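Only one structure is covered here, and it is reproduced in the block below.
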Amino acid sequence: MMSEELFKRLTKAVNEHNDAVLITITNHPEISFIGAKIILYKDGTLYDESKMPQDFQQKIIENCLPLLEQKKTKTIDVVYRNTHIECYVEIFPVPPHLIVAGAGHVSEPVAEVGKMLGFYVTVIDDRKEFANTKKFPYADEVVCSSYIDFFRNVPITSETYILLLTRGHKFDVVSLQELLKREEMLDVEERTVYIGMIGSRRRISGVFEQLKDEFTDHNFINIYSPVGLDVGAQTPVEIAISILAEILKVKNQASGSSLKEKISSYSKLIFRERSRK
């Protein structure tokens, strides 16, 4: 059973978007240790109410930190002083952060479906009548602020995905400029892997010409514009699906191709094998 203090600390880590691992000892030669729980944080620190020996705690860190990096919940066997100790390792990773700039018609289904996909969703708009939880009940956070101020201060990591869907192209551009200023101060691996910006190809090409001269230390490979996969999307919901499909493609490092292409190649192989018989 989890103690009140342990529950508070785990809840605090989740609410503050800090990666954490809950380790439960499920099998131990000494029955009194079965059920003991330890919280392990991403920085390698522990919260251990059972006061396990320090060398055992080190074994826990060595065995469980890689699982946190891989985001894998599983049962493991820890060998400690020639004794096998079974532990259930439950991962509580920080969810990927989806920032939606602009509170228009497309942003509403983006926020809803983004939440269904497991993102922590933030919607930002500079108009009070649009930036509210009534319009975005599925968002974790709705912010009313100027775009420049917001993007100047919002935390950005490699797990941040940003969509620029504001009501006017000038707001998208100033937001992108502020983001690129931030990113030039970060190492490449710390930058967001996805910034999507809506707009026509002609308009976007003009923006990139401007940005190319202004930001010489950026390769722009994380900027996706026009935004979304080509699925013939027309309605706000269809556009939202095409955008989130592209984000998943980037997030999961997938091809984005139809799975039918693989099936077709298998079918041709089977057909050729039948022809030989």
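Numbering starts fresh at 1 for the residues of each chain in the structure tokens, the chains themselves are lettered A, B, ... in the order given, and ligands are numbered from 1 as they appear.
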Residues within 8 Å of Tyr138 in chain A, only C-alpha atoms, excluding chain neighbours under 2 positions, as a VMD selection string: chain A and resid 111 to 112 115 133 136 140
Store the residues picked out above in a file with N, CA and C atoms, as a PDB file, in the first residue's frame.
```
ATOM      1  N   ALA A 111      -6.949  20.567 -30.343  1.00  0.00           N
ATOM      2  CA  ALA A 111      -6.808  20.429 -28.887  1.00  0.00           C
ATOM      3  C   ALA A 111      -7.490  19.156 -28.394  1.00  0.00           C
ATOM      4  N   GLU A 112      -8.679  18.875 -28.903  1.00  0.00           N
ATOM      5  CA  GLU A 112      -9.431  17.699 -28.458  1.00  0.00           C
ATOM      6  C   GLU A 112      -8.725  16.405 -28.837  1.00  0.00           C
ATOM      7  N   LYS A 115      -5.339  15.877 -27.050  1.00  0.00           N
ATOM      8  CA  LYS A 115      -5.497  15.341 -25.695  1.00  0.00           C
ATOM      9  C   LYS A 115      -5.767  13.844 -25.738  1.00  0.00           C
ATOM     10  N   THR A 133     -11.624  28.292 -21.278  1.00  0.00           N
ATOM     11  CA  THR A 133     -11.830  26.846 -21.144  1.00  0.00           C
ATOM     12  C   THR A 133     -13.192  26.394 -21.672  1.00  0.00           C
ATOM     13  N   PHE A 136     -12.354  25.627 -25.110  1.00  0.00           N
ATOM     14  CA  PHE A 136     -11.366  24.547 -25.182  1.00  0.00           C
ATOM     15  C   PHE A 136     -11.428  23.680 -23.920  1.00  0.00           C
ATOM     16  N   ASP A 140      -5.411  21.250 -21.418  1.00  0.00           N
ATOM     17  CA  ASP A 140      -4.921  21.254 -20.043  1.00  0.00           C
ATOM     18  C   ASP A 140      -4.700  22.672 -19.553  1.00  0.00           C
TER      19      ASP A 140
END
```
Spatial neighbours of Met52 in chain A, max dist 12 Å, only C-alpha atoms, sep filter under 5 positions, as an NGL selection string: :A and (25 or 33 or 36-38 or 46-47 or 57-60 or 80)
Output C-alpha atoms for every residue in the selection just made, as a CSV table (one decimal), in the first residue's frame.
```csv
chain,number,residue,atom,x,y,z
A,25,ILE,CA,9.3,-4.8,-4.5
A,33,PHE,CA,10.3,-6.0,2.2
A,36,ALA,CA,8.0,-1.6,-0.3
A,37,LYS,CA,8.0,1.3,-2.7
A,38,ILE,CA,10.6,3.7,-3.9
A,46,LEU,CA,15.4,8.6,-4.7
A,47,TYR,CA,12.7,8.9,-2.2
A,57,GLN,CA,19.6,1.9,-3.9
A,58,GLN,CA,22.4,2.3,-6.4
A,59,LYS,CA,21.4,-1.0,-7.9
A,60,ILE,CA,17.8,0.3,-8.3
A,80,TYR,CA,21.8,-7.9,-4.9
```
Neighbour list for Asn252 in chain A as an MDAnalysis selection string, cut-off 12 Å, only C-alpha atoms, skip fewer than 3 positions in-chain: chainID A and resid 96 159 193:194 244:249 255:256
Residue neighbourhood Phe130 in chain A, 9 Å, only C-alpha atoms, exclusion window fewer than 4 positions, as a PDB file with N, CA and C atoms, in the first residue's frame:
```pdb
ATOM      1  N   GLY A 102      -3.217  30.236 -31.298  1.00  0.00           N
ATOM      2  CA  GLY A 102      -4.388  30.607 -32.077  1.00  0.00           C
ATOM      3  C   GLY A 102      -5.585  29.794 -31.635  1.00  0.00           C
ATOM      4  N   ALA A 103      -6.722  30.462 -31.431  1.00  0.00           N
ATOM      5  CA  ALA A 103      -7.911  29.780 -30.893  1.00  0.00           C
ATOM      6  C   ALA A 103      -9.044  29.757 -31.913  1.00  0.00           C
ATOM      7  N   GLY A 104      -8.683  29.471 -33.160  1.00  0.00           N
ATOM      8  CA  GLY A 104      -9.681  29.441 -34.231  1.00  0.00           C
ATOM      9  C   GLY A 104     -10.371  28.099 -34.373  1.00  0.00           C
ATOM     10  N   ASP A 125      -3.855  32.352 -27.007  1.00  0.00           N
ATOM     11  CA  ASP A 125      -4.418  33.366 -27.903  1.00  0.00           C
ATOM     12  C   ASP A 125      -4.386  34.703 -27.159  1.00  0.00           C
ATOM     13  N   ASP A 126      -4.323  35.787 -27.919  1.00  0.00           N
ATOM     14  CA  ASP A 126      -4.228  37.103 -27.270  1.00  0.00           C
ATOM     15  C   ASP A 126      -5.590  37.771 -27.088  1.00  0.00           C
ATOM     16  N   LYS A 135     -14.427  27.290 -24.530  1.00  0.00           N
ATOM     17  CA  LYS A 135     -14.170  27.014 -25.943  1.00  0.00           C
ATOM     18  C   LYS A 135     -13.218  25.820 -26.101  1.00  0.00           C
ATOM     19  N   PHE A 136     -12.354  25.627 -25.110  1.00  0.00           N
ATOM     20  CA  PHE A 136     -11.366  24.547 -25.182  1.00  0.00           C
ATOM     21  C   PHE A 136     -11.428  23.680 -23.920  1.00  0.00           C
ATOM     22  N   CYS A 144      -4.173  33.394 -22.061  1.00  0.00           N
ATOM     23  CA  CYS A 144      -4.445  34.640 -22.779  1.00  0.00           C
ATOM     24  C   CYS A 144      -3.228  35.539 -22.597  1.00  0.00           C
TER      25      CYS A 144
END
```
Point-to-point distance in Å for CA of Val100 in chain A and CA of Ile124 in chain A: 6.2 Å
Test item, strand (DSSP E or B) assignment across range 34-231 of chain A, answer as a PyMOL selection string: chain A and resi 37-41+46-48+74-80+83-92+97-101+120-125+141-144+160-164+194-197+223-224
Test item: residues at most 10 Å from Ala240 in chain A, only C-alpha atoms, excluding those fewer than 5 positions along its chain, as an MDAnalysis selection string: chainID A and resid 105:114 227:228 233:235 245:246
